[in-house]
Amino acid sequence: MINISILEEMFDGDKEILRQLFELYLEEHSTLSDTINDQYKNNKLPELFRTFHTLYGALSNLCEEDILPLIKAIETNVKNHEKPDQQSIDSVITQLAKIRQQIIDYLND
């Protein structure tokens, strides 16, 4: 999950900046789970690498604390032309849904 306290501290409590960041994340990553599933099922490892590399950067910038190690492990596997296991992909997708909900809840407060 995203450590919102750290983000708020980074931006001196400016909630408008956080709202803009979160809205941008939702806009840019609205179909990410579908993209990951498609790339994984169709063995598109170079594309999957780019997706996970970008995702790692985006979630790092949002102070996500839980799935970054798994995302990095998948990114490394794919970079080495090793297909990750389905369970790892499913775990990331599940966590992405939780992060999405966390952001939506923040935006609705």
# chains A, B, ... in the order shown; residues from 1 in each chain; ligands from 1
call {"tool": "residues_around", "arguments": {"residues": "Gln102 (chain A)", "least_positions_apart": "5", "cutoff": "10 Å", "atoms": "only C-alpha atoms", "output": "NGL selection string"}}
result
:A and (1-2 or 4 or 22 or 96-97 or 107-108)
call {"tool": "write_last_selection", "arguments": {"atoms": "all heavy atoms", "output": "CSV table (one decimal), in the first residue's frame"}}
result
chain,number,residue,atom,x,y,z
A,1,MET,N,0.8,-1.2,0.0
A,1,MET,CA,0.0,0.0,0.0
A,1,MET,C,0.9,1.3,0.0
A,1,MET,O,2.0,1.2,0.4
A,1,MET,CB,-0.9,0.0,1.2
A,1,MET,CG,-1.9,-1.2,1.3
A,1,MET,SD,-3.0,-1.3,-0.1
A,1,MET,CE,-4.2,-0.1,0.4
A,2,ILE,N,0.3,2.3,-0.4
A,2,ILE,CA,1.0,3.6,-0.5
A,2,ILE,C,1.1,4.2,0.9
A,2,ILE,O,0.1,4.2,1.7
A,2,ILE,CB,0.3,4.6,-1.4
A,2,ILE,CG1,0.3,4.0,-2.8
A,2,ILE,CG2,0.9,6.0,-1.3
A,2,ILE,CD1,-0.5,4.8,-3.8
A,4,ILE,N,0.8,7.1,2.6
A,4,ILE,CA,0.3,8.5,2.3
A,4,ILE,C,1.0,9.5,3.3
A,4,ILE,O,1.2,10.6,2.9
A,4,ILE,CB,-1.2,8.5,2.4
A,4,ILE,CG1,-1.8,7.7,1.2
A,4,ILE,CG2,-1.7,9.9,2.4
A,4,ILE,CD1,-3.2,7.5,1.2
A,22,PHE,N,-2.3,11.3,-7.7
A,22,PHE,CA,-3.1,10.2,-7.7
A,22,PHE,C,-4.0,10.1,-8.9
A,22,PHE,O,-4.2,9.0,-9.5
A,22,PHE,CB,-4.0,10.1,-6.4
A,22,PHE,CG,-3.2,9.7,-5.2
A,22,PHE,CD1,-3.7,10.1,-3.9
A,22,PHE,CD2,-2.0,9.1,-5.3
A,22,PHE,CE1,-3.0,9.7,-2.8
A,22,PHE,CE2,-1.3,8.7,-4.2
A,22,PHE,CZ,-1.8,9.0,-2.9
A,96,LEU,N,-2.4,-4.3,-7.0
A,96,LEU,CA,-2.7,-3.1,-7.8
A,96,LEU,C,-4.2,-2.7,-7.6
A,96,LEU,O,-4.5,-1.5,-7.5
A,96,LEU,CB,-2.4,-3.3,-9.3
A,96,LEU,CG,-1.0,-3.4,-9.7
A,96,LEU,CD1,-0.9,-3.7,-11.2
A,96,LEU,CD2,-0.2,-2.1,-9.4
A,97,ALA,N,-5.1,-3.6,-7.5
A,97,ALA,CA,-6.5,-3.3,-7.2
A,97,ALA,C,-6.6,-2.7,-5.8
A,97,ALA,O,-7.4,-1.7,-5.7
A,97,ALA,CB,-7.3,-4.6,-7.3
A,107,LEU,N,-9.1,10.1,-2.7
A,107,LEU,CA,-9.6,11.2,-3.6
A,107,LEU,C,-11.1,11.5,-3.2
A,107,LEU,O,-11.5,12.6,-3.4
A,107,LEU,CB,-9.6,10.8,-5.0
A,107,LEU,CG,-8.2,10.7,-5.6
A,107,LEU,CD1,-8.2,10.1,-7.0
A,107,LEU,CD2,-7.5,12.1,-5.6
A,108,ASN,N,-11.8,10.5,-2.6
A,108,ASN,CA,-13.2,10.8,-2.2
A,108,ASN,C,-13.4,11.3,-0.8
A,108,ASN,O,-14.5,11.6,-0.4
A,108,ASN,CB,-14.0,9.5,-2.3
A,108,ASN,CG,-14.2,9.1,-3.8
A,108,ASN,OD1,-14.3,10.0,-4.7
A,108,ASN,ND2,-14.3,7.8,-4.1
call {"tool": "residues_around", "arguments": {"residues": "Tyr40 (chain A)", "least_positions_apart": "5", "cutoff": "12 Å", "atoms": "only C-alpha atoms", "output": "PyMOL selection string"}}
result
chain A and resi 33-35+45-49+51-52+74+78+82-90+93
call {"tool": "select_by_dssp", "arguments": {"residues": "chain A", "states": "helix (DSSP H, G or I)", "output": "NGL selection string"}}
result
:A and (4-10 or 15-28 or 32-41 or 45-61 or 68-79 or 86-108)
call {"tool": "decode", "arguments": {"residues": "region 27-106 of chain A", "atoms": "C-alpha atoms", "output": "PDB file, in the first residue's frame"}}
result
ATOM      1  CA  GLU A  27      -5.390   7.889 -15.624  1.00  0.00           C
ATOM      2  CA  GLU A  28      -2.060   6.453 -16.779  1.00  0.00           C
ATOM      3  CA  HIS A  29      -2.570   3.010 -15.263  1.00  0.00           C
ATOM      4  CA  SER A  30      -6.302   2.418 -15.686  1.00  0.00           C
ATOM      5  CA  THR A  31      -5.820  -0.678 -17.856  1.00  0.00           C
ATOM      6  CA  LEU A  32      -2.550  -1.874 -16.343  1.00  0.00           C
ATOM      7  CA  SER A  33      -3.872  -5.177 -14.985  1.00  0.00           C
ATOM      8  CA  ASP A  34      -5.290  -6.078 -18.398  1.00  0.00           C
ATOM      9  CA  THR A  35      -2.006  -5.105 -20.042  1.00  0.00           C
ATOM     10  CA  ILE A  36       0.002  -7.266 -17.639  1.00  0.00           C
ATOM     11  CA  ASN A  37      -2.311 -10.238 -18.157  1.00  0.00           C
ATOM     12  CA  ASP A  38      -2.177  -9.885 -21.932  1.00  0.00           C
ATOM     13  CA  GLN A  39       1.600  -9.585 -22.038  1.00  0.00           C
ATOM     14  CA  TYR A  40       2.038 -12.508 -19.657  1.00  0.00           C
ATOM     15  CA  LYS A  41      -0.385 -14.846 -21.409  1.00  0.00           C
ATOM     16  CA  ASN A  42       1.052 -14.026 -24.823  1.00  0.00           C
ATOM     17  CA  ASN A  43       4.661 -14.439 -23.659  1.00  0.00           C
ATOM     18  CA  LYS A  44       5.559 -10.856 -24.595  1.00  0.00           C
ATOM     19  CA  LEU A  45       8.529 -10.714 -22.244  1.00  0.00           C
ATOM     20  CA  PRO A  46      10.187  -7.541 -23.594  1.00  0.00           C
ATOM     21  CA  GLU A  47       6.899  -5.656 -23.252  1.00  0.00           C
ATOM     22  CA  LEU A  48       6.288  -7.174 -19.819  1.00  0.00           C
ATOM     23  CA  PHE A  49       9.740  -6.003 -18.736  1.00  0.00           C
ATOM     24  CA  ARG A  50       8.971  -2.423 -19.805  1.00  0.00           C
ATOM     25  CA  THR A  51       5.595  -2.547 -18.071  1.00  0.00           C
ATOM     26  CA  PHE A  52       7.079  -3.760 -14.792  1.00  0.00           C
ATOM     27  CA  HIS A  53      10.011  -1.354 -15.031  1.00  0.00           C
ATOM     28  CA  THR A  54       7.623   1.580 -15.481  1.00  0.00           C
ATOM     29  CA  LEU A  55       5.328   0.297 -12.750  1.00  0.00           C
ATOM     30  CA  TYR A  56       8.235   0.000 -10.329  1.00  0.00           C
ATOM     31  CA  GLY A  57       9.188   3.615 -10.951  1.00  0.00           C
ATOM     32  CA  ALA A  58       5.634   4.895 -10.630  1.00  0.00           C
ATOM     33  CA  LEU A  59       4.949   3.060  -7.370  1.00  0.00           C
ATOM     34  CA  SER A  60       8.352   4.004  -5.941  1.00  0.00           C
ATOM     35  CA  ASN A  61       7.484   7.651  -6.521  1.00  0.00           C
ATOM     36  CA  LEU A  62       4.174   7.130  -4.722  1.00  0.00           C
ATOM     37  CA  CYS A  63       5.916   5.572  -1.685  1.00  0.00           C
ATOM     38  CA  GLU A  64       4.348   2.151  -2.152  1.00  0.00           C
ATOM     39  CA  GLU A  65       5.814  -0.216   0.423  1.00  0.00           C
ATOM     40  CA  ASP A  66       4.400  -3.700  -0.054  1.00  0.00           C
ATOM     41  CA  ILE A  67       4.740  -5.020  -3.593  1.00  0.00           C
ATOM     42  CA  LEU A  68       7.853  -3.235  -4.813  1.00  0.00           C
ATOM     43  CA  PRO A  69      10.137  -6.206  -3.984  1.00  0.00           C
ATOM     44  CA  LEU A  70       7.878  -8.559  -5.948  1.00  0.00           C
ATOM     45  CA  ILE A  71       7.666  -6.156  -8.869  1.00  0.00           C
ATOM     46  CA  LYS A  72      11.461  -5.836  -8.895  1.00  0.00           C
ATOM     47  CA  ALA A  73      11.849  -9.639  -8.782  1.00  0.00           C
ATOM     48  CA  ILE A  74       9.463 -10.072 -11.717  1.00  0.00           C
ATOM     49  CA  GLU A  75      11.247  -7.305 -13.625  1.00  0.00           C
ATOM     50  CA  THR A  76      14.586  -9.065 -13.071  1.00  0.00           C
ATOM     51  CA  ASN A  77      13.185 -12.449 -14.112  1.00  0.00           C
ATOM     52  CA  VAL A  78      11.711 -11.066 -17.303  1.00  0.00           C
ATOM     53  CA  LYS A  79      14.908  -9.148 -18.088  1.00  0.00           C
ATOM     54  CA  ASN A  80      16.721 -12.490 -17.890  1.00  0.00           C
ATOM     55  CA  HIS A  81      14.149 -14.024 -20.291  1.00  0.00           C
ATOM     56  CA  GLU A  82      12.534 -16.053 -17.493  1.00  0.00           C
ATOM     57  CA  LYS A  83       8.751 -16.100 -17.391  1.00  0.00           C
ATOM     58  CA  PRO A  84       7.506 -15.409 -13.854  1.00  0.00           C
ATOM     59  CA  ASP A  85       5.019 -17.782 -12.284  1.00  0.00           C
ATOM     60  CA  GLN A  86       1.292 -17.100 -12.496  1.00  0.00           C
ATOM     61  CA  GLN A  87       1.018 -16.692  -8.723  1.00  0.00           C
ATOM     62  CA  SER A  88       3.443 -13.738  -8.769  1.00  0.00           C
ATOM     63  CA  ILE A  89       1.516 -12.051 -11.565  1.00  0.00           C
ATOM     64  CA  ASP A  90      -1.775 -12.644  -9.727  1.00  0.00           C
ATOM     65  CA  SER A  91      -0.308 -11.197  -6.517  1.00  0.00           C
ATOM     66  CA  VAL A  92       0.747  -8.017  -8.283  1.00  0.00           C
ATOM     67  CA  ILE A  93      -2.654  -7.617  -9.914  1.00  0.00           C
ATOM     68  CA  THR A  94      -4.407  -8.134  -6.583  1.00  0.00           C
ATOM     69  CA  GLN A  95      -2.190  -5.531  -4.931  1.00  0.00           C
ATOM     70  CA  LEU A  96      -2.710  -3.088  -7.800  1.00  0.00           C
ATOM     71  CA  ALA A  97      -6.462  -3.312  -7.215  1.00  0.00           C
ATOM     72  CA  LYS A  98      -5.918  -2.530  -3.522  1.00  0.00           C
ATOM     73  CA  ILE A  99      -3.682   0.428  -4.371  1.00  0.00           C
ATOM     74  CA  ARG A 100      -6.262   1.691  -6.856  1.00  0.00           C
ATOM     75  CA  GLN A 101      -8.941   1.486  -4.164  1.00  0.00           C
ATOM     76  CA  GLN A 102      -6.685   3.233  -1.647  1.00  0.00           C
ATOM     77  CA  ILE A 103      -6.211   6.091  -4.111  1.00  0.00           C
ATOM     78  CA  ILE A 104      -9.921   6.304  -4.886  1.00  0.00           C
ATOM     79  CA  ASP A 105     -10.729   6.382  -1.167  1.00  0.00           C
ATOM     80  CA  TYR A 106      -8.204   9.198  -0.661  1.00  0.00           C
TER      81      TYR A 106
END
